[in-house]
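Pasting model-v7.pdb here (PDB, C-alpha atoms):
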```pdb
ATOM      1  CA  MET U  15     -34.528 113.807 -38.686  1.00  0.00           C
ATOM      2  CA  ARG U  16     -35.672 112.669 -35.250  1.00  0.00           C
ATOM      3  CA  LYS U  17     -36.811 109.100 -34.810  1.00  0.00           C
ATOM      4  CA  ARG U  18     -40.231 110.187 -33.557  1.00  0.00           C
ATOM      5  CA  ASP U  19     -40.714 112.430 -36.601  1.00  0.00           C
ATOM      6  CA  LEU U  20     -40.005 109.464 -38.872  1.00  0.00           C
ATOM      7  CA  GLU U  21     -42.455 107.326 -36.910  1.00  0.00           C
ATOM      8  CA  ILE U  22     -45.192 109.954 -37.268  1.00  0.00           C
ATOM      9  CA  ILE U  23     -44.611 110.224 -41.027  1.00  0.00           C
ATOM     10  CA  SER U  24     -44.759 106.432 -41.344  1.00  0.00           C
ATOM     11  CA  THR U  25     -47.966 106.298 -39.303  1.00  0.00           C
ATOM     12  CA  LEU U  26     -49.590 108.990 -41.437  1.00  0.00           C
ATOM     13  CA  GLN U  27     -48.724 106.876 -44.474  1.00  0.00           C
ATOM     14  CA  GLN U  28     -50.291 103.818 -42.862  1.00  0.00           C
ATOM     15  CA  PHE U  29     -53.523 105.450 -41.695  1.00  0.00           C
ATOM     16  CA  ARG U  30     -53.860 107.982 -44.569  1.00  0.00           C
ATOM     17  CA  ALA U  31     -55.355 110.630 -42.251  1.00  0.00           C
ATOM     18  CA  MET U  32     -55.080 111.505 -38.555  1.00  0.00           C
ATOM     19  CA  THR U  33     -56.322 114.336 -36.402  1.00  0.00           C
ATOM     20  CA  ARG U  34     -53.951 116.331 -34.236  1.00  0.00           C
ATOM     21  CA  ASP U  35     -55.537 114.725 -31.162  1.00  0.00           C
ATOM     22  CA  GLN U  36     -54.987 111.215 -32.539  1.00  0.00           C
ATOM     23  CA  VAL U  37     -51.312 111.977 -33.122  1.00  0.00           C
ATOM     24  CA  ALA U  38     -51.086 113.372 -29.598  1.00  0.00           C
ATOM     25  CA  ALA U  39     -52.712 110.273 -28.105  1.00  0.00           C
ATOM     26  CA  LEU U  40     -50.465 107.897 -30.007  1.00  0.00           C
ATOM     27  CA  PHE U  41     -47.095 109.624 -29.646  1.00  0.00           C
ATOM     28  CA  PHE U  42     -47.264 112.108 -26.783  1.00  0.00           C
ATOM     29  CA  ALA U  43     -49.630 110.595 -24.219  1.00  0.00           C
ATOM     30  CA  ASN U  44     -46.831 110.313 -21.641  1.00  0.00           C
ATOM     31  CA  THR U  45     -45.802 113.973 -21.870  1.00  0.00           C
ATOM     32  CA  LYS U  46     -47.067 116.788 -19.667  1.00  0.00           C
ATOM     33  CA  ASN U  47     -48.759 118.535 -22.582  1.00  0.00           C
ATOM     34  CA  PRO U  48     -49.540 116.086 -25.428  1.00  0.00           C
ATOM     35  CA  ILE U  49     -51.439 118.647 -27.532  1.00  0.00           C
ATOM     36  CA  ARG U  50     -48.648 121.232 -27.432  1.00  0.00           C
ATOM     37  CA  HIS U  51     -46.009 118.666 -28.362  1.00  0.00           C
ATOM     38  CA  ALA U  52     -48.145 117.307 -31.211  1.00  0.00           C
ATOM     39  CA  ASN U  53     -48.728 120.822 -32.556  1.00  0.00           C
ATOM     40  CA  GLU U  54     -44.995 121.598 -32.519  1.00  0.00           C
ATOM     41  CA  VAL U  55     -43.972 118.424 -34.316  1.00  0.00           C
ATOM     42  CA  LEU U  56     -46.776 118.521 -36.877  1.00  0.00           C
ATOM     43  CA  LYS U  57     -46.019 122.151 -37.695  1.00  0.00           C
ATOM     44  CA  ARG U  58     -42.363 121.218 -38.244  1.00  0.00           C
ATOM     45  CA  LEU U  59     -43.348 118.351 -40.549  1.00  0.00           C
ATOM     46  CA  ARG U  60     -45.613 120.655 -42.541  1.00  0.00           C
ATOM     47  CA  ASP U  61     -42.931 123.344 -42.818  1.00  0.00           C
ATOM     48  CA  ARG U  62     -40.435 120.781 -44.105  1.00  0.00           C
ATOM     49  CA  GLY U  63     -42.852 119.328 -46.650  1.00  0.00           C
ATOM     50  CA  TYR U  64     -43.448 115.925 -45.043  1.00  0.00           C
ATOM     51  CA  ALA U  65     -47.104 116.467 -44.126  1.00  0.00           C
ATOM     52  CA  GLU U  66     -50.087 118.575 -45.087  1.00  0.00           C
ATOM     53  CA  ALA U  67     -53.227 119.527 -43.193  1.00  0.00           C
ATOM     54  CA  ASP U  68     -56.886 120.336 -43.667  1.00  0.00           C
ATOM     55  CA  THR U  69     -57.044 123.535 -41.629  1.00  0.00           C
ATOM     56  CA  ASN U  70     -60.795 123.856 -42.164  1.00  0.00           C
ATOM     57  CA  ARG U  71     -61.305 121.121 -39.564  1.00  0.00           C
ATOM     58  CA  GLN U  72     -60.900 121.530 -35.843  1.00  0.00           C
ATOM     59  CA  PRO U  73     -58.653 120.020 -34.741  1.00  0.00           C
ATOM     60  CA  TYR U  74     -56.656 119.928 -37.960  1.00  0.00           C
ATOM     61  CA  VAL U  75     -56.567 116.677 -39.940  1.00  0.00           C
ATOM     62  CA  TYR U  76     -53.097 115.693 -41.163  1.00  0.00           C
ATOM     63  CA  PHE U  77     -52.012 113.670 -44.193  1.00  0.00           C
ATOM     64  CA  PRO U  78     -48.670 112.460 -45.513  1.00  0.00           C
ATOM     65  CA  LYS U  79     -47.326 114.547 -48.368  1.00  0.00           C
ATOM     66  CA  PRO U  80     -48.221 113.659 -51.004  1.00  0.00           C
ATOM     67  CA  ALA U  81     -51.548 112.525 -49.571  1.00  0.00           C
ATOM     68  CA  ARG U  82     -52.741 109.015 -50.347  1.00  0.00           C
ATOM     69  CA  ILE U  83     -56.410 110.080 -50.436  1.00  0.00           C
ATOM     70  CA  LYS U  84     -58.342 113.233 -51.334  1.00  0.00           C
ATOM     71  CA  THR U  85     -57.902 115.534 -48.365  1.00  0.00           C
ATOM     72  CA  ASN U  86     -61.452 116.849 -48.751  1.00  0.00           C
ATOM     73  CA  GLY U  87     -63.013 113.550 -49.805  1.00  0.00           C
ATOM     74  CA  GLN U  88     -65.622 111.394 -48.109  1.00  0.00           C
ATOM     75  CA  LYS U  89     -63.114 108.693 -47.172  1.00  0.00           C
ATOM     76  CA  VAL U  90     -61.290 110.967 -44.717  1.00  0.00           C
ATOM     77  CA  ASP U  91     -63.797 110.295 -41.940  1.00  0.00           C
ATOM     78  CA  HIS U  92     -63.600 106.579 -42.674  1.00  0.00           C
ATOM     79  CA  PHE U  93     -59.846 106.516 -42.139  1.00  0.00           C
ATOM     80  CA  LEU U  94     -60.141 108.651 -39.021  1.00  0.00           C
ATOM     81  CA  LYS U  95     -62.513 106.043 -37.621  1.00  0.00           C
ATOM     82  CA  ILE U  96     -59.980 103.311 -38.435  1.00  0.00           C
ATOM     83  CA  THR U  97     -57.401 105.263 -36.421  1.00  0.00           C
ATOM     84  CA  ASP U  98     -59.878 105.586 -33.542  1.00  0.00           C
ATOM     85  CA  PHE U  99     -60.365 101.817 -33.640  1.00  0.00           C
ATOM     86  CA  TYR U 100     -56.601 101.290 -33.516  1.00  0.00           C
ATOM     87  CA  LEU U 101     -56.312 103.563 -30.487  1.00  0.00           C
ATOM     88  CA  GLN U 102     -59.118 101.650 -28.767  1.00  0.00           C
ATOM     89  CA  LEU U 103     -57.290  98.354 -29.305  1.00  0.00           C
ATOM     90  CA  ARG U 104     -54.059  99.771 -27.893  1.00  0.00           C
ATOM     91  CA  GLY U 105     -55.947 101.201 -24.972  1.00  0.00           C
ATOM     92  CA  HIS U 106     -57.029  97.693 -23.985  1.00  0.00           C
ATOM     93  CA  GLY U 107     -53.495  96.297 -24.100  1.00  0.00           C
ATOM     94  CA  GLU U 108     -50.783  97.483 -26.459  1.00  0.00           C
ATOM     95  CA  LYS U 109     -48.902  94.181 -26.289  1.00  0.00           C
ATOM     96  CA  ASP U 110     -52.036  92.236 -27.311  1.00  0.00           C
ATOM     97  CA  LEU U 111     -51.964  93.768 -30.806  1.00  0.00           C
ATOM     98  CA  LYS U 112     -49.377  91.881 -32.849  1.00  0.00           C
ATOM     99  CA  HIS U 113     -50.345  92.977 -36.366  1.00  0.00           C
ATOM    100  CA  PHE U 114     -52.491  95.792 -37.793  1.00  0.00           C
ATOM    101  CA  ALA U 115     -52.628  96.602 -41.522  1.00  0.00           C
ATOM    102  CA  VAL U 116     -54.981  99.060 -43.233  1.00  0.00           C
ATOM    103  CA  GLU U 117     -56.689  98.118 -46.511  1.00  0.00           C
ATOM    104  CA  SER U 118     -54.493  95.174 -47.428  1.00  0.00           C
ATOM    105  CA  GLN U 119     -54.790  94.080 -51.050  1.00  0.00           C
ATOM    106  CA  PHE U 120     -54.634  90.384 -51.903  1.00  0.00           C
ATOM    107  CA  PRO U 121     -53.802  89.256 -55.463  1.00  0.00           C
ATOM    108  CA  ASN U 122     -56.613  87.529 -57.354  1.00  0.00           C
ATOM    109  CA  VAL U 123     -59.000  87.975 -54.405  1.00  0.00           C
ATOM    110  CA  ASP U 124     -62.201  90.057 -54.438  1.00  0.00           C
ATOM    111  CA  VAL U 125     -61.817  91.032 -50.788  1.00  0.00           C
ATOM    112  CA  ARG U 126     -60.186  94.150 -49.365  1.00  0.00           C
ATOM    113  CA  PRO U 127     -60.671  94.325 -45.590  1.00  0.00           C
ATOM    114  CA  ASP U 128     -60.437  97.683 -43.889  1.00  0.00           C
ATOM    115  CA  ILE U 129     -58.112  96.031 -41.388  1.00  0.00           C
ATOM    116  CA  VAL U 130     -56.178  92.769 -41.168  1.00  0.00           C
ATOM    117  CA  MET U 131     -55.025  92.181 -37.629  1.00  0.00           C
ATOM    118  CA  PHE U 132     -53.864  89.682 -35.048  1.00  0.00           C
ATOM    119  CA  TRP U 133     -55.144  90.624 -31.599  1.00  0.00           C
ATOM    120  CA  ARG U 134     -55.301  88.680 -28.368  1.00  0.00           C
ATOM    121  CA  GLY U 135     -54.259  85.472 -30.057  1.00  0.00           C
ATOM    122  CA  SER U 136     -56.848  85.611 -32.863  1.00  0.00           C
ATOM    123  CA  ALA U 137     -56.932  86.809 -36.471  1.00  0.00           C
ATOM    124  CA  PHE U 138     -59.531  89.296 -37.699  1.00  0.00           C
ATOM    125  CA  PHE U 139     -60.737  90.959 -40.861  1.00  0.00           C
ATOM    126  CA  ALA U 140     -62.275  94.172 -39.529  1.00  0.00           C
ATOM    127  CA  GLU U 141     -64.841  96.236 -41.412  1.00  0.00           C
ATOM    128  CA  ILE U 142     -65.305  99.789 -40.132  1.00  0.00           C
ATOM    129  CA  GLN U 143     -68.743 100.956 -41.232  1.00  0.00           C
ATOM    130  CA  ASN U 144     -68.817 104.731 -41.240  1.00  0.00           C
ATOM    131  CA  THR U 145     -71.745 104.690 -43.670  1.00  0.00           C
ATOM    132  CA  GLN U 146     -74.881 102.608 -43.180  1.00  0.00           C
ATOM    133  CA  TYR U 147     -75.383 100.074 -45.959  1.00  0.00           C
ATOM    134  CA  THR U 148     -78.361  97.846 -46.664  1.00  0.00           C
ATOM    135  CA  ALA U 149     -78.408  94.286 -45.336  1.00  0.00           C
ATOM    136  CA  LYS U 150     -78.237  93.080 -48.946  1.00  0.00           C
ATOM    137  CA  VAL U 151     -74.996  94.968 -49.625  1.00  0.00           C
ATOM    138  CA  MET U 152     -73.465  93.682 -46.400  1.00  0.00           C
ATOM    139  CA  GLN U 153     -74.505  90.105 -47.164  1.00  0.00           C
ATOM    140  CA  GLN U 154     -72.799  90.422 -50.536  1.00  0.00           C
ATOM    141  CA  LYS U 155     -69.649  91.510 -48.715  1.00  0.00           C
ATOM    142  CA  ILE U 156     -69.934  88.440 -46.456  1.00  0.00           C
ATOM    143  CA  ALA U 157     -70.377  86.257 -49.551  1.00  0.00           C
ATOM    144  CA  ARG U 158     -67.027  87.505 -50.863  1.00  0.00           C
ATOM    145  CA  TYR U 159     -65.407  86.569 -47.567  1.00  0.00           C
ATOM    146  CA  GLU U 160     -67.020  83.118 -47.837  1.00  0.00           C
ATOM    147  CA  ALA U 161     -65.527  82.643 -51.302  1.00  0.00           C
ATOM    148  CA  PHE U 162     -62.156  83.748 -49.942  1.00  0.00           C
ATOM    149  CA  ALA U 163     -62.415  81.223 -47.106  1.00  0.00           C
ATOM    150  CA  ARG U 164     -63.372  78.332 -49.406  1.00  0.00           C
ATOM    151  CA  SER U 165     -60.593  79.124 -51.854  1.00  0.00           C
ATOM    152  CA  GLU U 166     -57.905  78.501 -49.217  1.00  0.00           C
ATOM    153  CA  LEU U 167     -55.982  81.424 -50.768  1.00  0.00           C
ATOM    154  CA  TRP U 168     -56.203  83.210 -47.436  1.00  0.00           C
ATOM    155  CA  ARG U 169     -53.504  80.934 -46.029  1.00  0.00           C
ATOM    156  CA  GLU U 170     -51.029  82.375 -48.544  1.00  0.00           C
ATOM    157  CA  CYS U 171     -52.234  85.975 -48.238  1.00  0.00           C
ATOM    158  CA  LEU U 172     -52.057  86.463 -44.492  1.00  0.00           C
ATOM    159  CA  PRO U 173     -48.795  87.856 -43.080  1.00  0.00           C
ATOM    160  CA  PHE U 174     -49.096  85.482 -40.122  1.00  0.00           C
ATOM    161  CA  ARG U 175     -50.019  81.815 -39.723  1.00  0.00           C
ATOM    162  CA  VAL U 176     -53.310  80.743 -38.198  1.00  0.00           C
ATOM    163  CA  LYS U 177     -55.251  77.491 -38.369  1.00  0.00           C
ATOM    164  CA  ARG U 178     -58.684  78.950 -39.056  1.00  0.00           C
ATOM    165  CA  PHE U 179     -60.050  81.679 -41.309  1.00  0.00           C
ATOM    166  CA  PRO U 180     -60.015  85.057 -39.548  1.00  0.00           C
ATOM    167  CA  THR U 181     -63.163  86.275 -37.835  1.00  0.00           C
ATOM    168  CA  VAL U 182     -64.998  89.006 -39.749  1.00  0.00           C
ATOM    169  CA  TRP U 183     -65.527  91.798 -37.235  1.00  0.00           C
ATOM    170  CA  ILE U 184     -68.040  94.474 -38.254  1.00  0.00           C
ATOM    171  CA  ILE U 185     -67.738  97.705 -36.269  1.00  0.00           C
ATOM    172  CA  ALA U 186     -70.858  99.811 -36.677  1.00  0.00           C
ATOM    173  CA  ASP U 187     -73.375 101.770 -34.623  1.00  0.00           C
ATOM    174  CA  HIS U 188     -76.117  99.299 -35.547  1.00  0.00           C
ATOM    175  CA  LYS U 189     -76.296  95.561 -36.170  1.00  0.00           C
ATOM    176  CA  TYR U 190     -76.676  94.173 -39.686  1.00  0.00           C
ATOM    177  CA  ASN U 191     -78.914  91.208 -40.436  1.00  0.00           C
ATOM    178  CA  VAL U 192     -76.188  89.043 -41.976  1.00  0.00           C
ATOM    179  CA  SER U 193     -75.109  85.458 -41.412  1.00  0.00           C
ATOM    180  CA  SER U 194     -72.727  82.823 -42.714  1.00  0.00           C
ATOM    181  CA  GLU U 195     -72.146  79.085 -42.440  1.00  0.00           C
ATOM    182  CA  TYR U 196     -68.514  79.422 -43.517  1.00  0.00           C
ATOM    183  CA  VAL U 197     -67.052  82.349 -41.593  1.00  0.00           C
ATOM    184  CA  ARG U 198     -67.473  83.593 -38.065  1.00  0.00           C
ATOM    185  CA  ILE U 199     -69.026  87.066 -37.833  1.00  0.00           C
ATOM    186  CA  ILE U 200     -69.131  89.363 -34.829  1.00  0.00           C
ATOM    187  CA  GLN U 201     -70.692  92.813 -34.676  1.00  0.00           C
ATOM    188  CA  THR U 202     -70.051  95.529 -32.103  1.00  0.00           C
ATOM    189  CA  LYS U 203     -70.077  99.292 -31.974  1.00  0.00           C
ATOM    190  CA  ASP U 204     -66.541  99.438 -30.553  1.00  0.00           C
ATOM    191  CA  VAL U 205     -63.767  97.441 -28.907  1.00  0.00           C
ATOM    192  CA  ALA U 206     -65.122  97.880 -25.394  1.00  0.00           C
ATOM    193  CA  GLN U 207     -68.397  96.208 -26.348  1.00  0.00           C
ATOM    194  CA  LEU U 208     -66.607  93.102 -27.627  1.00  0.00           C
ATOM    195  CA  ILE U 209     -64.520  92.872 -24.470  1.00  0.00           C
ATOM    196  CA  ALA U 210     -67.673  93.154 -22.379  1.00  0.00           C
ATOM    197  CA  MET U 211     -69.335  90.421 -24.442  1.00  0.00           C
ATOM    198  CA  THR U 212     -66.431  88.009 -24.044  1.00  0.00           C
ATOM    199  CA  LYS U 213     -65.726  88.720 -20.388  1.00  0.00           C
ATOM    200  CA  PRO U 214     -66.514  85.647 -18.261  1.00  0.00           C
ATOM    201  CA  LYS U 215     -69.669  86.045 -16.248  1.00  0.00           C
ATOM    202  CA  PRO U 216     -69.158  85.878 -12.480  1.00  0.00           C
ATOM    203  CA  GLN U 217     -70.221  82.559 -11.021  1.00  0.00           C
ATOM    204  CA  PRO U 218     -72.648  82.503  -8.077  1.00  0.00           C
ATOM    205  CA  PRO U 219     -70.954  81.659  -4.789  1.00  0.00           C
ATOM    206  CA  GLN U 220     -71.042  78.006  -3.912  1.00  0.00           C
ATOM    207  CA  ASP U 221     -72.758  76.827  -0.763  1.00  0.00           C
ATOM    208  CA  ILE U 222     -69.881  75.717   1.434  1.00  0.00           C
ATOM    209  CA  SER U 223     -71.850  75.624   4.655  1.00  0.00           C
ATOM    210  CA  ILE U 224     -71.140  72.604   6.830  1.00  0.00           C
ATOM    211  CA  ARG U 225     -73.829  70.934   8.810  1.00  0.00           C
ATOM    212  CA  ILE U 226     -72.847  70.157  12.353  1.00  0.00           C
ATOM    213  CA  GLY U 227     -74.446  67.104  13.858  1.00  0.00           C
ATOM    214  CA  LYS U 228     -73.818  63.849  15.544  1.00  0.00           C
ATOM    215  CA  ALA U 229     -71.440  61.483  13.940  1.00  0.00           C
ATOM    216  CA  PRO U 230     -73.121  58.412  12.405  1.00  0.00           C
TER     217      PRO U 230
END
```

Would you encode the structure as structure tokens?
Amino acid sequence: MRKRDLEIISTLQQFRAMTRDQVAALFFANTKNPIRHANEVLKRLRDRGYAEADTNRQPYVYFPKPARIKTNGQKVDHFLKITDFYLQLRGHGEKDLKHFAVESQFPNVDVRPDIVMFWRGSAFFAEIQNTQYTAKVMQQKIARYEAFARSELWRECLPFRVKRFPTVWIIADHKYNVSSEYVRIIQTKDVAQLIAMTKPKPQPPQDISIRIGKAP
């Protein structure tokens, strides 16, 4: 089997679900016709029993075979949004993303982040909100992160070493009224908004005019 085919199968396993266009963007962006190449490879993987597809969607949504989630379930859109988020991160600097894991499970911990990642020198627990929850439900989620932070178990659970508890990054179309004294929380609708927020503001030009006069 070709190396790229193996990489696509592995990525489908990681993300659970991907559209044809997402596969094209991730693996064939540098080709003359990314969509055609993605279609050819994905068809081959389906024919050989390595992938399956929901053909009722346009473009098709692909899953590893056997699928890790219900192919017609509500969580499909959630995982597609996680893949979109991953593509956004790569689009702002592929080398900046050192680690990206989907739905990591930690033993004896009541926290299951959508994403654990190390990006631009910082650690994050990312929560992709495809469904709008109440502020109470979200605050309860933050409380579980607070308990995780206070337990110090996070130092053993993370696949990389950092000095401080990862930032909880909520990605949603609206802002939740949540807060914490123990963990840092940021909320944006996408990656571009966070980059815009953290971009240094241009400083006003300094007055470097020189007065010309008689010497004292």

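Nearest to Asp204 in chain U of all the residues U:Val125, U:Ile156, U:Leu101, U:Ala38 is U:Leu101, based on only C-alpha atoms.
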
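Each of U:Trp168, U:Tyr196, U:Phe179, U:Phe138 was checked against Gln119 in chain U using all atoms listed in the file; the smallest atom-to-atom distance is that of U:Trp168.
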
Under the PyMOL selection byres ((chain U and resi 175-177) around 12), which residues of this model are included? Write them out as a PyMOL selection string. chain U and resi 113+131-132+135-138+163+166+168-174+178-181

The PyMOL selection byres ((chain U and resi 200) around 9) - which residues does that actually catch in the file I just gave you? List them as a count of residues only. 10

Could you write out as a PyMOL selection string the residues that the PyMOL selection byres ((chain U and resi 102-108) around 12) matches in the shown file? chain U and resi 36+39-40+43+95-101+109-114+131-134+203-210

Taking (-53.0, 98.5, -46.5) in the file's coordinates as the center, which residues reach within 8 Å of it, counting all atoms listed in the file, put as a ChimeraX atom specification? /U:28,115-119,128-129

Using only C-alpha atoms, which residues sit within 9 Å of Pro48 in chain U once same-chain residues fewer than 4 positions away are excluded, as a list of chain:residue names? U:Asp35, U:Val37, U:Ala38, U:Ala39, U:Phe41, U:Phe42, U:Ala43, U:Asn44, U:Ala52, U:Asn53

Excluding Ile23 in chain U and its own-chain neighbours fewer than 6 positions away, which residues fall within 9 Å of it when counting only C-alpha atoms? Please give them as a list in words.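 Listed by chain and then number, they are Leu59, Tyr64, Ala65, Phe77, Pro78 and Lys79 of chain U.
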
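For the set U:Ile49, U:Val75, U:Met211, U:Val197, the residue with the smallest atom-to-atom gap to Glu160 in chain U is U:Val197, counting all atoms listed in the file.
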
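Minimum atom-to-atom distance to Arg34 in chain U, evaluated using all atoms listed in the file, belongs to U:Tyr74 out of U:Glu21, U:Thr148, U:Tyr74, U:Arg60.
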
How would you write as JSON, numbers by chain the residues that get within 12 Å of (-52.6, 119.6, -47.0) in the file's frame, counting all atoms listed in the file? {"U": [30, 31, 32, 56, 57, 59, 60, 61, 63, 64, 65, 66, 67, 68, 69, 70, 71, 74, 75, 76, 77, 78, 79, 80, 81, 82, 83, 84, 85, 86]}

Pairwise distance for CA of Leu20 in chain U and CA of Asn47 in chain U, rounded to one decimal in Å: 20.6 Å
